[in-house]
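Structure data (mmCIF, C-alpha atoms (C1' of nucleotides)) from query_32.cif:
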data_final
loop_
_atom_site.label_atom_id
_atom_site.label_comp_id
_atom_site.auth_asym_id
_atom_site.auth_seq_id
_atom_site.Cartn_x
_atom_site.Cartn_y
_atom_site.Cartn_z
CA ILE A 954 -35.50 1.64 10.86
CA ILE A 955 -36.04 0.10 14.25
CA TYR A 956 -35.71 -3.30 12.62
CA GLY A 957 -32.34 -2.29 11.30
CA ASN A 958 -30.95 -1.66 14.76
CA ILE A 959 -32.21 -4.92 16.15
CA ILE A 960 -30.86 -6.84 13.20
CA TYR A 961 -27.53 -5.10 13.64
CA GLY A 962 -27.46 -6.17 17.26
CA HIS A 963 -28.12 -9.78 16.40
CA CYS A 964 -25.46 -9.82 13.74
CA GLN A 965 -22.88 -8.49 16.16
CA ALA A 966 -23.86 -11.20 18.60
CA PHE A 967 -23.42 -13.91 15.96
CA ASN A 968 -27.16 -14.63 16.10
CA MET A 969 -27.55 -14.91 12.38
CA GLU A 970 -30.61 -17.15 12.59
CA ARG A 971 -32.39 -14.52 14.61
CA ALA A 972 -31.28 -11.78 12.26
CA GLU A 973 -32.51 -13.70 9.28
CA ALA A 974 -35.85 -14.40 10.89
CA LEU A 975 -36.29 -10.69 11.48
CA VAL A 976 -35.54 -9.86 7.88
CA ARG A 977 -38.22 -12.28 6.78
CA GLU A 978 -40.68 -10.87 9.29
CA MET A 979 -39.95 -7.47 7.90
CA GLU A 980 -40.57 -8.55 4.34
CA GLU A 981 -43.87 -10.11 5.34
CA GLU A 982 -44.96 -6.81 6.74
CA GLY A 983 -44.16 -5.28 3.40
CA ILE A 984 -41.26 -3.21 4.69
CA ASP A 985 -38.37 -2.95 2.30
CA ALA A 986 -34.93 -3.69 3.64
CA THR A 987 -32.44 -0.88 3.30
CA MET A 988 -28.96 -1.23 1.98
CA ASP A 989 -27.41 -1.05 5.43
CA ILE A 990 -29.39 -4.06 6.47
CA TYR A 991 -27.91 -6.06 3.62
CA HIS A 992 -24.50 -4.78 4.59
CA THR A 993 -24.82 -5.75 8.21
CA MET A 994 -26.12 -9.15 7.17
CA MET A 995 -23.14 -9.65 4.87
CA ASP A 996 -20.89 -8.63 7.67
CA GLY A 997 -22.50 -11.00 10.06
CA TYR A 998 -21.97 -13.90 7.69
CA THR A 999 -18.40 -12.83 7.16
CA MET A 1000 -17.78 -12.98 10.88
CA ILE A 1001 -19.00 -16.53 11.09
CA LYS A 1002 -17.10 -17.34 7.89
CA ASN A 1003 -20.17 -18.34 5.94
CA GLU A 1004 -19.18 -17.38 2.44
CA ASP A 1005 -22.18 -18.90 0.68
CA LYS A 1006 -24.76 -17.12 2.79
CA CYS A 1007 -22.93 -13.87 2.44
CA LEU A 1008 -22.97 -14.15 -1.33
CA ILE A 1009 -26.67 -14.99 -1.28
CA VAL A 1010 -27.34 -11.78 0.59
CA TYR A 1011 -25.26 -9.94 -1.98
CA LYS A 1012 -27.29 -11.47 -4.78
CA ARG A 1013 -30.54 -10.50 -3.08
CA LEU A 1014 -29.29 -6.96 -2.70
CA LYS A 1015 -28.83 -6.70 -6.42
CA GLU A 1016 -32.14 -8.41 -7.14
CA CYS A 1017 -33.87 -5.79 -5.08
CA GLY A 1018 -32.62 -3.21 -7.49
CA PHE A 1019 -29.83 -1.77 -5.42
CA THR A 1020 -26.60 -0.72 -7.05
CA PRO A 1021 -23.59 -1.93 -5.09
CA ASN A 1022 -21.69 0.96 -3.58
CA GLU A 1023 -18.29 1.23 -1.96
CA VAL A 1024 -19.54 -0.30 1.26
CA THR A 1025 -21.06 -3.23 -0.60
CA TYR A 1026 -17.80 -3.92 -2.39
CA GLY A 1027 -16.00 -3.40 0.88
CA CYS A 1028 -18.09 -6.14 2.44
CA LEU A 1029 -17.18 -8.49 -0.40
CA ILE A 1030 -13.50 -7.69 -0.23
CA ASN A 1031 -13.61 -8.15 3.50
CA LEU A 1032 -15.31 -11.52 3.07
CA TYR A 1033 -12.70 -12.83 0.67
CA THR A 1034 -9.70 -11.58 2.59
CA LYS A 1035 -11.09 -13.13 5.76
CA MET A 1036 -11.48 -16.41 3.90
CA GLY A 1037 -7.92 -16.20 2.68
CA LYS A 1038 -9.01 -15.79 -0.95
CA VAL A 1039 -7.15 -12.63 -1.79
CA SER A 1040 -7.26 -13.29 -5.52
CA LYS A 1041 -11.04 -13.17 -5.32
CA ALA A 1042 -10.79 -9.97 -3.36
CA LEU A 1043 -8.65 -8.49 -6.10
CA GLU A 1044 -11.27 -9.46 -8.67
CA VAL A 1045 -13.86 -7.57 -6.68
CA SER A 1046 -11.47 -4.68 -6.51
CA GLU A 1047 -11.24 -4.65 -10.30
CA THR A 1048 -15.00 -4.84 -10.77
CA MET A 1049 -15.37 -2.01 -8.35
CA LYS A 1050 -12.94 0.17 -10.23
CA SER A 1051 -14.52 -0.63 -13.58
CA ASN A 1052 -17.82 0.51 -12.10
CA GLY A 1053 -16.26 3.82 -11.36
CA ILE A 1054 -15.94 3.39 -7.61
CA LYS A 1055 -12.62 4.34 -6.13
CA HIS A 1056 -10.81 2.61 -3.34
CA ASN A 1057 -10.81 4.22 0.03
CA MET A 1058 -8.72 3.64 3.13
CA LYS A 1059 -10.85 0.77 4.31
CA THR A 1060 -10.86 -1.23 1.11
CA TYR A 1061 -7.12 -0.78 0.84
CA SER A 1062 -6.61 -1.86 4.42
CA MET A 1063 -8.60 -4.98 3.84
CA LEU A 1064 -6.51 -5.93 0.82
CA ILE A 1065 -3.24 -5.27 2.61
CA ASN A 1066 -4.46 -7.27 5.51
CA GLY A 1067 -5.37 -10.14 3.24
CA PHE A 1068 -1.84 -10.28 1.86
CA ILE A 1069 -0.37 -10.02 5.32
CA LYS A 1070 -2.34 -13.04 6.40
CA LEU A 1071 -0.74 -14.95 3.53
CA LYS A 1072 2.66 -13.51 4.48
CA ASP A 1073 2.86 -12.04 1.01
CA TRP A 1074 4.80 -8.95 2.01
CA ALA A 1075 5.67 -7.89 -1.52
CA ASN A 1076 2.05 -7.55 -2.54
CA ALA A 1077 1.06 -5.99 0.74
CA PHE A 1078 3.55 -3.20 0.14
CA ALA A 1079 2.54 -2.95 -3.50
CA ILE A 1080 -0.97 -2.04 -2.34
CA PHE A 1081 0.54 0.44 0.05
CA GLU A 1082 2.25 2.07 -2.92
CA ASP A 1083 -1.14 2.37 -4.60
CA VAL A 1084 -2.46 4.19 -1.57
CA ILE A 1085 0.30 6.74 -1.83
CA LYS A 1086 -0.14 7.02 -5.60
CA ASP A 1087 -3.81 7.75 -5.09
CA GLY A 1088 -2.76 10.63 -2.92
CA LEU A 1089 -4.46 9.17 0.11
CA LYS A 1090 -3.02 9.79 3.55
CA PRO A 1091 -2.67 6.55 5.49
CA ASP A 1092 -4.80 6.48 8.60
CA VAL A 1093 -4.16 4.82 11.93
CA VAL A 1094 -5.44 1.42 10.92
CA LEU A 1095 -3.40 1.41 7.74
CA TYR A 1096 -0.30 2.30 9.72
CA ASN A 1097 -1.06 -0.50 12.11
CA ASN A 1098 -1.28 -2.88 9.17
CA ILE A 1099 2.06 -1.77 7.82
CA ILE A 1100 3.64 -2.19 11.21
CA THR A 1101 2.24 -5.68 11.43
CA ALA A 1102 3.80 -6.41 8.06
CA PHE A 1103 7.24 -5.23 9.15
CA CYS A 1104 7.01 -7.29 12.30
CA GLY A 1105 6.00 -10.33 10.32
CA MET A 1106 9.05 -9.89 8.13
CA GLY A 1107 11.16 -9.67 11.24
CA ASN A 1108 12.12 -6.11 10.39
CA MET A 1109 11.56 -4.69 13.84
CA ASP A 1110 13.54 -1.52 13.24
CA ARG A 1111 11.34 -0.48 10.36
CA ALA A 1112 8.33 -1.23 12.52
CA ILE A 1113 9.56 1.18 15.17
CA THR A 1114 10.48 3.88 12.68
CA THR A 1115 6.99 3.58 11.24
CA VAL A 1116 5.57 4.30 14.67
CA LEU A 1117 7.73 7.41 14.89
CA GLU A 1118 6.65 8.37 11.40
CA MET A 1119 2.99 8.20 12.23
CA GLN A 1120 3.52 10.28 15.31
CA LYS A 1121 5.17 12.93 13.16
CA VAL A 1122 2.07 13.06 11.01
CA ARG A 1123 0.12 13.59 14.20
CA HIS A 1124 -1.50 10.17 14.24
CA LYS A 1125 -1.88 8.84 17.74
CA PRO A 1126 -0.77 5.23 17.96
CA THR A 1127 -3.36 2.90 19.44
CA SER A 1128 -2.74 -0.08 21.66
CA ARG A 1129 -2.98 -2.19 18.54
CA THR A 1130 -0.06 -0.33 17.05
CA PHE A 1131 2.28 -1.72 19.62
CA MET A 1132 0.91 -5.18 19.91
CA PRO A 1133 2.61 -6.77 16.94
CA ILE A 1134 5.86 -5.13 17.97
CA ILE A 1135 5.69 -6.47 21.49
CA HIS A 1136 4.65 -9.80 20.13
CA GLY A 1137 7.50 -9.79 17.64
CA TYR A 1138 10.12 -9.12 20.26
CA ALA A 1139 8.51 -11.65 22.50
CA ARG A 1140 8.70 -14.35 19.85
CA ALA A 1141 12.33 -13.48 19.20
CA GLY A 1142 13.10 -13.95 22.85
CA GLU A 1143 13.95 -10.28 23.27
CA ALA A 1144 12.03 -9.81 26.48
CA LYS A 1145 13.93 -6.66 27.42
CA LYS A 1146 12.99 -4.91 24.22
CA ALA A 1147 9.42 -6.06 24.51
CA ILE A 1148 9.20 -4.42 27.91
CA GLN A 1149 10.85 -1.29 26.56
CA VAL A 1150 8.19 -0.99 23.90
CA PHE A 1151 5.57 -1.65 26.51
CA ASP A 1152 6.84 1.33 28.50
CA MET A 1153 7.06 3.43 25.37
CA MET A 1154 3.47 2.61 24.72
CA ARG A 1155 2.28 3.77 28.12
CA MET A 1156 4.39 6.89 27.72
CA SER A 1157 2.48 7.82 24.59
CA GLY A 1158 -0.73 7.55 26.48
CA CYS A 1159 -1.98 4.18 25.30
CA ILE A 1160 -3.89 1.96 27.62
CA PRO A 1161 -2.70 -1.65 27.40
CA THR A 1162 -5.38 -4.21 26.63
CA VAL A 1163 -5.64 -7.88 27.45
CA HIS A 1164 -3.98 -8.65 24.14
CA THR A 1165 -1.06 -6.43 24.91
CA TYR A 1166 -0.50 -8.23 28.17
CA ASN A 1167 -0.92 -11.57 26.47
CA ALA A 1168 1.80 -10.74 23.98
CA LEU A 1169 4.14 -9.62 26.71
CA ILE A 1170 3.48 -12.56 28.99
CA LEU A 1171 3.96 -14.97 26.13
CA GLY A 1172 7.40 -13.56 25.53
CA LEU A 1173 8.43 -13.81 29.14
CA VAL A 1174 7.17 -17.34 29.43
CA GLU A 1175 9.16 -18.39 26.39
CA LYS A 1176 12.23 -16.84 27.97
CA ARG A 1177 11.48 -18.86 31.09
CA GLN A 1178 11.16 -15.70 33.12
CA MET A 1179 8.19 -16.98 35.02
CA GLU A 1180 8.58 -14.62 37.97
CA ARG A 1181 8.43 -11.59 35.73
CA ALA A 1182 5.50 -13.05 33.86
CA VAL A 1183 3.60 -13.53 37.06
CA LYS A 1184 4.47 -10.00 38.10
CA ILE A 1185 3.04 -8.63 34.89
CA LEU A 1186 -0.03 -10.74 35.40
CA ASP A 1187 -0.50 -9.11 38.79
CA GLU A 1188 -0.08 -5.65 37.31
CA MET A 1189 -2.70 -6.53 34.80
CA LEU A 1190 -5.16 -7.56 37.49
CA VAL A 1191 -4.46 -4.37 39.40
CA ALA A 1192 -5.19 -2.44 36.23
CA GLY A 1193 -8.58 -4.08 36.31
CA ILE A 1194 -8.13 -6.27 33.27
CA THR A 1195 -9.50 -9.77 33.30
CA PRO A 1196 -7.25 -12.48 31.86
CA ASN A 1197 -8.76 -14.61 29.14
"C1'" G B 464 -18.61 16.33 5.95
"C1'" A B 465 -19.55 13.18 10.70
"C1'" C B 466 -21.30 8.45 11.91
"C1'" A B 467 -21.13 3.54 9.48
"C1'" A B 468 -17.97 -1.78 6.03
"C1'" G B 469 -11.21 -2.40 7.63
"C1'" C B 470 -6.34 -3.69 12.34
"C1'" A B 471 -5.93 -8.90 18.31
"C1'" C B 472 -4.81 -14.33 19.49
"C1'" A B 473 -1.66 -19.55 20.30
#
How would this structure read if it were set down as C-alpha coordinates?
Amino acid sequence: IIYGNIIYGHCQAFNMERAEALVREMEEEGIDATMDIYHTMMDGYTMIKNEDKCLIVYKRLKECGFTPNEVTYGCLINLYTKMGKVSKALEVSETMKSNGIKHNMKTYSMLINGFIKLKDWANAFAIFEDVIKDGLKPDVVLYNNIITAFCGMGNMDRAITTVLEMQKVRHKPTSRTFMPIIHGYARAGEAKKAIQVFDMMRMSGCIPTVHTYNALILGLVEKRQMERAVKILDEMLVAGITPN
RNA sequence: GACAAGCACA
(Lines of atoms letter the chains of each structure in order from A and count residues from 1; the text may use other names and numbers.)
(Lines give C-alpha, C1' and ligand atoms only; values in the text may rest on other atoms or scores of the structure.)
Protein backbone atom coordinates (compact mmCIF):
# COMPACT_ATOMS: atom_id res chain seq x y z
CA ILE A 1 0.00 0.00 0.00
CA ILE A 2 2.77 2.37 0.95
CA TYR A 3 4.88 0.81 -1.77
CA GLY A 4 2.19 1.63 -4.27
CA ASN A 5 2.38 5.33 -3.56
CA ILE A 6 6.13 5.47 -3.80
CA ILE A 7 6.11 3.51 -7.02
CA TYR A 8 3.48 5.86 -8.38
CA GLY A 9 5.68 8.81 -7.54
CA HIS A 10 8.66 7.33 -9.33
CA CYS A 11 6.63 6.53 -12.41
CA GLN A 12 5.37 10.09 -12.62
CA ALA A 13 8.94 11.31 -12.35
CA PHE A 14 10.06 9.03 -15.20
CA ASN A 15 12.22 7.06 -12.76
CA MET A 16 11.23 3.72 -14.13
CA GLU A 17 14.42 1.99 -12.97
CA ARG A 18 13.68 3.02 -9.42
CA ALA A 19 10.07 1.95 -9.74
CA GLU A 20 11.06 -1.41 -11.07
CA ALA A 21 13.59 -1.94 -8.31
CA LEU A 22 10.88 -1.28 -5.76
CA VAL A 23 8.55 -3.78 -7.33
CA ARG A 24 11.25 -6.41 -7.09
CA GLU A 25 11.99 -5.49 -3.50
CA MET A 26 8.33 -5.88 -2.78
CA GLU A 27 8.17 -9.30 -4.35
CA GLU A 28 11.17 -10.41 -2.33
CA GLU A 29 9.36 -9.47 0.82
CA GLY A 30 6.53 -11.66 -0.32
CA ILE A 31 4.10 -8.80 -0.83
CA ASP A 32 1.84 -9.21 -3.81
CA ALA A 33 1.57 -6.32 -6.20
CA THR A 34 -1.91 -4.96 -6.69
CA MET A 35 -3.50 -4.22 -9.99
CA ASP A 36 -3.01 -0.49 -9.64
CA ILE A 37 0.70 -1.02 -9.36
CA TYR A 38 0.73 -2.82 -12.68
CA HIS A 39 -1.35 -0.04 -14.14
CA THR A 40 0.92 2.71 -12.94
CA MET A 41 3.90 0.76 -14.23
CA MET A 42 2.28 0.38 -17.64
CA ASP A 43 1.56 4.05 -17.62
CA GLY A 44 5.08 4.92 -16.72
CA TYR A 45 6.42 2.91 -19.63
CA THR A 46 3.89 4.49 -21.92
CA MET A 47 5.13 7.92 -20.94
CA ILE A 48 8.68 7.05 -21.86
CA LYS A 49 7.41 5.31 -25.00
CA ASN A 50 8.76 1.92 -24.05
CA GLU A 51 6.27 -0.37 -25.69
CA ASP A 52 8.10 -3.63 -24.99
CA LYS A 53 8.42 -3.05 -21.27
CA CYS A 54 4.83 -1.99 -21.03
CA LEU A 55 3.69 -5.20 -22.68
CA ILE A 56 5.89 -7.24 -20.37
CA VAL A 57 4.17 -5.68 -17.40
CA TYR A 58 0.85 -6.51 -19.00
CA LYS A 59 1.90 -10.11 -19.45
CA ARG A 60 3.03 -10.33 -15.82
CA LEU A 61 -0.30 -8.95 -14.71
CA LYS A 62 -2.08 -11.78 -16.43
CA GLU A 63 0.42 -14.36 -15.18
CA CYS A 64 -0.32 -13.27 -11.65
CA GLY A 65 -3.87 -14.33 -12.18
CA PHE A 66 -5.44 -10.94 -12.65
CA THR A 67 -8.22 -10.45 -15.13
CA PRO A 68 -7.69 -7.32 -17.22
CA ASN A 69 -10.32 -4.72 -16.46
CA GLU A 70 -11.31 -1.50 -18.18
CA VAL A 71 -8.34 0.34 -16.77
CA THR A 72 -5.95 -2.36 -17.97
CA TYR A 73 -7.35 -2.17 -21.47
CA GLY A 74 -7.30 1.58 -21.21
CA CYS A 75 -3.59 1.46 -20.49
CA LEU A 76 -3.03 -0.69 -23.57
CA ILE A 77 -5.12 1.53 -25.80
CA ASN A 78 -3.31 4.54 -24.45
CA LEU A 79 0.04 2.89 -25.17
CA TYR A 80 -0.80 2.14 -28.78
CA THR A 81 -2.35 5.50 -29.55
CA LYS A 82 0.68 7.23 -28.06
CA MET A 83 2.90 5.10 -30.28
CA GLY A 84 0.84 6.02 -33.31
CA LYS A 85 -0.40 2.45 -33.75
CA VAL A 86 -4.11 3.09 -33.79
CA SER A 87 -4.89 -0.15 -35.57
CA LYS A 88 -3.40 -2.01 -32.62
CA ALA A 89 -5.46 0.11 -30.30
CA LEU A 90 -8.57 -0.86 -32.21
CA GLU A 91 -7.66 -4.52 -31.83
CA VAL A 92 -7.46 -4.04 -28.09
CA SER A 93 -10.78 -2.30 -28.24
CA GLU A 94 -12.30 -5.33 -29.94
CA THR A 95 -10.80 -7.77 -27.44
CA MET A 96 -12.13 -5.64 -24.67
CA LYS A 97 -15.62 -5.66 -26.08
CA SER A 98 -15.56 -9.40 -26.69
CA ASN A 99 -14.64 -9.80 -23.03
CA GLY A 100 -17.77 -7.98 -22.12
CA ILE A 101 -16.15 -4.73 -21.07
CA LYS A 102 -17.73 -1.60 -22.42
CA HIS A 103 -15.98 1.52 -23.55
CA ASN A 104 -16.08 4.51 -21.32
CA MET A 105 -15.30 8.16 -21.92
CA LYS A 106 -11.60 7.68 -21.40
CA THR A 107 -11.10 4.78 -23.76
CA TYR A 108 -13.09 6.62 -26.40
CA SER A 109 -11.06 9.77 -25.90
CA MET A 110 -7.86 7.86 -26.34
CA LEU A 111 -9.02 6.36 -29.61
CA ILE A 112 -10.22 9.68 -30.96
CA ASN A 113 -6.99 11.23 -29.95
CA GLY A 114 -5.06 8.53 -31.73
CA PHE A 115 -6.87 9.25 -34.98
CA ILE A 116 -6.40 12.97 -34.52
CA LYS A 117 -2.67 12.47 -34.24
CA LEU A 118 -2.78 10.73 -37.61
CA LYS A 119 -5.00 13.51 -38.98
CA ASP A 120 -7.60 10.88 -39.74
CA TRP A 121 -10.60 13.10 -39.12
CA ALA A 122 -13.14 10.74 -40.64
CA ASN A 123 -12.34 7.98 -38.19
CA ALA A 124 -12.04 10.36 -35.28
CA PHE A 125 -15.60 11.50 -35.89
CA ALA A 126 -16.74 7.94 -36.48
CA ILE A 127 -15.67 7.13 -32.92
CA PHE A 128 -17.47 10.21 -31.75
CA GLU A 129 -20.63 8.83 -33.35
CA ASP A 130 -20.13 5.64 -31.36
CA VAL A 131 -20.00 7.66 -28.17
CA ILE A 132 -23.36 9.21 -28.97
CA LYS A 133 -24.80 5.85 -30.02
CA ASP A 134 -23.75 4.39 -26.70
CA GLY A 135 -25.78 7.08 -25.06
CA LEU A 136 -22.75 8.54 -23.34
CA LYS A 137 -22.58 12.26 -22.69
CA PRO A 138 -19.29 13.71 -23.89
CA ASP A 139 -17.23 15.15 -21.08
CA VAL A 140 -14.86 18.10 -21.10
CA VAL A 141 -11.88 16.18 -22.37
CA LEU A 142 -13.86 14.63 -25.18
CA TYR A 143 -15.12 18.05 -26.20
CA ASN A 144 -11.58 19.32 -26.17
CA ASN A 145 -10.59 16.49 -28.46
CA ILE A 146 -13.36 17.28 -30.90
CA ILE A 147 -12.39 20.91 -30.92
CA THR A 148 -8.83 19.95 -31.65
CA ALA A 149 -10.08 17.90 -34.57
CA PHE A 150 -12.05 20.79 -36.05
CA CYS A 151 -9.07 23.08 -35.70
CA GLY A 152 -6.85 20.54 -37.38
CA MET A 153 -9.26 20.40 -40.29
CA GLY A 154 -9.14 24.15 -40.48
CA ASN A 155 -12.81 24.36 -39.63
CA MET A 156 -12.51 27.10 -37.06
CA ASP A 157 -16.19 28.01 -37.07
CA ARG A 158 -17.23 24.54 -36.05
CA ALA A 159 -14.59 24.64 -33.35
CA ILE A 160 -16.13 27.78 -31.90
CA THR A 161 -19.68 26.49 -32.14
CA THR A 162 -18.56 23.38 -30.31
CA VAL A 163 -17.33 25.57 -27.47
CA LEU A 164 -20.72 27.25 -27.32
CA GLU A 165 -22.38 23.86 -27.42
CA MET A 166 -20.46 22.57 -24.47
CA GLN A 167 -21.27 25.66 -22.50
CA LYS A 168 -24.95 25.04 -23.18
CA VAL A 169 -24.61 21.59 -21.68
CA ARG A 170 -23.09 23.27 -18.66
CA HIS A 171 -19.56 22.05 -19.27
CA LYS A 172 -17.00 24.62 -18.28
CA PRO A 173 -14.34 25.00 -20.94
CA THR A 174 -10.80 24.60 -19.67
CA SER A 175 -7.74 26.45 -20.82
CA ARG A 176 -7.02 23.48 -23.03
CA THR A 177 -10.31 24.01 -24.81
CA PHE A 178 -9.13 27.27 -26.25
CA MET A 179 -5.57 26.39 -26.96
CA PRO A 180 -6.02 24.64 -30.28
CA ILE A 181 -8.32 27.43 -31.39
CA ILE A 182 -5.83 30.14 -30.55
CA HIS A 183 -3.12 28.07 -32.11
CA GLY A 184 -5.20 27.52 -35.23
CA TYR A 185 -5.85 31.19 -35.75
CA ALA A 186 -2.25 31.93 -35.00
CA ARG A 187 -1.05 29.51 -37.66
CA ALA A 188 -3.48 31.01 -40.15
CA GLY A 189 -2.04 34.43 -39.49
CA GLU A 190 -5.30 35.64 -37.99
CA ALA A 191 -3.74 37.34 -35.01
CA LYS A 192 -6.79 39.50 -34.35
CA LYS A 193 -9.07 36.52 -34.02
CA ALA A 194 -6.56 34.71 -31.88
CA ILE A 195 -6.59 37.62 -29.44
CA GLN A 196 -10.37 37.72 -29.55
CA VAL A 197 -10.54 34.10 -28.49
CA PHE A 198 -7.97 34.80 -25.84
CA ASP A 199 -10.24 37.48 -24.38
CA MET A 200 -13.24 35.21 -24.69
CA MET A 201 -11.35 32.64 -22.73
CA ARG A 202 -10.58 34.98 -19.86
CA MET A 203 -14.19 36.12 -19.91
CA SER A 204 -15.37 32.58 -19.28
CA GLY A 205 -13.15 32.41 -16.27
CA CYS A 206 -10.26 30.38 -17.63
CA ILE A 207 -6.77 31.04 -16.46
CA PRO A 208 -4.32 31.10 -19.36
CA THR A 209 -1.38 28.73 -19.05
CA VAL A 210 2.11 28.87 -20.49
CA HIS A 211 0.86 26.91 -23.47
CA THR A 212 -1.89 29.37 -24.14
CA TYR A 213 0.60 32.19 -24.19
CA ASN A 214 2.94 30.18 -26.36
CA ALA A 215 0.23 29.65 -28.94
CA LEU A 216 -0.64 33.32 -28.96
CA ILE A 217 2.93 34.54 -29.13
CA LEU A 218 3.70 32.15 -31.93
CA GLY A 219 0.91 33.65 -33.96
CA LEU A 220 2.05 37.19 -33.40
CA VAL A 221 5.62 36.36 -34.24
CA GLU A 222 4.57 34.78 -37.51
CA LYS A 223 2.62 37.91 -38.31
CA ARG A 224 5.77 39.90 -37.57
CA GLN A 225 4.00 41.77 -34.82
CA MET A 226 6.96 41.63 -32.53
CA GLU A 227 5.93 44.56 -30.36
CA ARG A 228 2.62 42.95 -29.53
CA ALA A 229 4.33 39.64 -28.91
CA VAL A 230 6.68 41.24 -26.45
CA LYS A 231 3.75 42.97 -24.79
CA ILE A 232 2.00 39.67 -24.30
CA LEU A 233 5.19 38.21 -22.94
CA ASP A 234 5.26 40.98 -20.35
CA GLU A 235 1.65 40.34 -19.41
CA MET A 236 2.51 36.74 -18.96
CA LEU A 237 5.35 37.55 -16.59
CA VAL A 238 3.11 39.88 -14.64
CA ALA A 239 0.61 37.05 -14.35
CA GLY A 240 3.38 35.12 -12.68
CA ILE A 241 3.91 32.57 -15.42
CA THR A 242 7.40 31.47 -16.26
CA PRO A 243 8.24 31.17 -19.96
CA ASN A 244 9.63 27.86 -21.08
C1' G B 1 -20.90 6.60 -6.66
C1' A B 2 -16.13 9.72 -5.72
C1' C B 3 -11.02 9.27 -6.46
C1' A B 4 -7.88 6.78 -10.20
C1' A B 5 -5.96 5.01 -16.78
C1' G B 6 -7.57 9.91 -21.48
C1' C B 7 -6.71 16.32 -23.87
C1' A B 8 -0.30 20.96 -24.53
C1' C B 9 4.24 21.95 -27.79
C1' A B 10 7.64 23.74 -32.58
Report task. For chain A, report every residue with an atom at most 6 Å from chain B (counting all atoms listed in the file), formatted as a PyMOL selection string. Result -> chain A and resi 1024+1027-1028+1059+1062-1063+1094
Query raised in the report: How would you write as number ranges by chain the residues that get within 12 Å of (-10.6, -4.2, -7.7) in the file's frame, counting all atoms listed in the file?
Result: A: 1023, 1026-1027, 1029-1030, 1039-1057, 1060-1061, 1063-1064, 1080, 1083
Report task. Rounded to one decimal place, report the CA of Val1084 in chain A-CA of Ile1065 in chain A distance in Å. Result -> 10.4 Å
Query - Å distance separating CA of Tyr1138 in chain A from CA of Asn1108 in chain A, one decimal place - result: 10.5 Å
Please provide as a JSON list (two decimals) with C-alpha atoms (C1' of nucleotides), in the frame of the given file all residues within 12 Å of range 1149-1165 of chain A, with the sequence filter that same-chain residues fewer than 6 positions apart are discarded (counting only C-alpha atoms (C1' of nucleotides)).
[["chain", "number", "residue", "atom", "x", "y", "z"],
["A", 1109, "MET", "CA", 11.56, -4.69, 13.84],
["A", 1110, "ASP", "CA", 13.54, -1.52, 13.24],
["A", 1112, "ALA", "CA", 8.33, -1.23, 12.52],
["A", 1113, "ILE", "CA", 9.56, 1.18, 15.17],
["A", 1116, "VAL", "CA", 5.57, 4.30, 14.67],
["A", 1117, "LEU", "CA", 7.73, 7.41, 14.89],
["A", 1120, "GLN", "CA", 3.52, 10.28, 15.31],
["A", 1124, "HIS", "CA", -1.50, 10.17, 14.24],
["A", 1125, "LYS", "CA", -1.88, 8.84, 17.74],
["A", 1126, "PRO", "CA", -0.77, 5.23, 17.96],
["A", 1127, "THR", "CA", -3.36, 2.90, 19.44],
["A", 1128, "SER", "CA", -2.74, -0.08, 21.66],
["A", 1129, "ARG", "CA", -2.98, -2.19, 18.54],
["A", 1130, "THR", "CA", -0.06, -0.33, 17.05],
["A", 1131, "PHE", "CA", 2.28, -1.72, 19.62],
["A", 1132, "MET", "CA", 0.91, -5.18, 19.91],
["A", 1133, "PRO", "CA", 2.61, -6.77, 16.94],
["A", 1134, "ILE", "CA", 5.86, -5.13, 17.97],
["A", 1135, "ILE", "CA", 5.69, -6.47, 21.49],
["A", 1136, "HIS", "CA", 4.65, -9.80, 20.13],
["A", 1137, "GLY", "CA", 7.50, -9.79, 17.64],
["A", 1138, "TYR", "CA", 10.12, -9.12, 20.26],
["A", 1139, "ALA", "CA", 8.51, -11.65, 22.50],
["A", 1143, "GLU", "CA", 13.95, -10.28, 23.27],
["A", 1171, "LEU", "CA", 3.96, -14.97, 26.13],
["A", 1172, "GLY", "CA", 7.40, -13.56, 25.53],
["A", 1185, "ILE", "CA", 3.04, -8.63, 34.89],
["A", 1186, "LEU", "CA", -0.03, -10.74, 35.40],
["A", 1188, "GLU", "CA", -0.08, -5.65, 37.31],
["A", 1189, "MET", "CA", -2.70, -6.53, 34.80],
["A", 1190, "LEU", "CA", -5.16, -7.56, 37.49],
["A", 1192, "ALA", "CA", -5.19, -2.44, 36.23],
["A", 1193, "GLY", "CA", -8.58, -4.08, 36.31],
["A", 1194, "ILE", "CA", -8.13, -6.27, 33.27],
["A", 1195, "THR", "CA", -9.50, -9.77, 33.30],
["A", 1196, "PRO", "CA", -7.25, -12.48, 31.86],
["A", 1197, "ASN", "CA", -8.76, -14.61, 29.14],
["B", 471, "A", "C1'", -5.93, -8.90, 18.31],
["B", 472, "C", "C1'", -4.81, -14.33, 19.49],
["B", 473, "A", "C1'", -1.66, -19.55, 20.30]]
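Atom pair CA of Tyr998 in chain A / CA of Asn1098 in chain A has a distance of 23.5 Å (rounded to one decimal).
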Requested in this report: Output the residue selection produced by the PyMOL selection byres ((chain A and resi 964) around 10) on the file above, formatted as a ChimeraX atom specification.
Outcome: /A:958-963,965-973,993-998,1000-1001
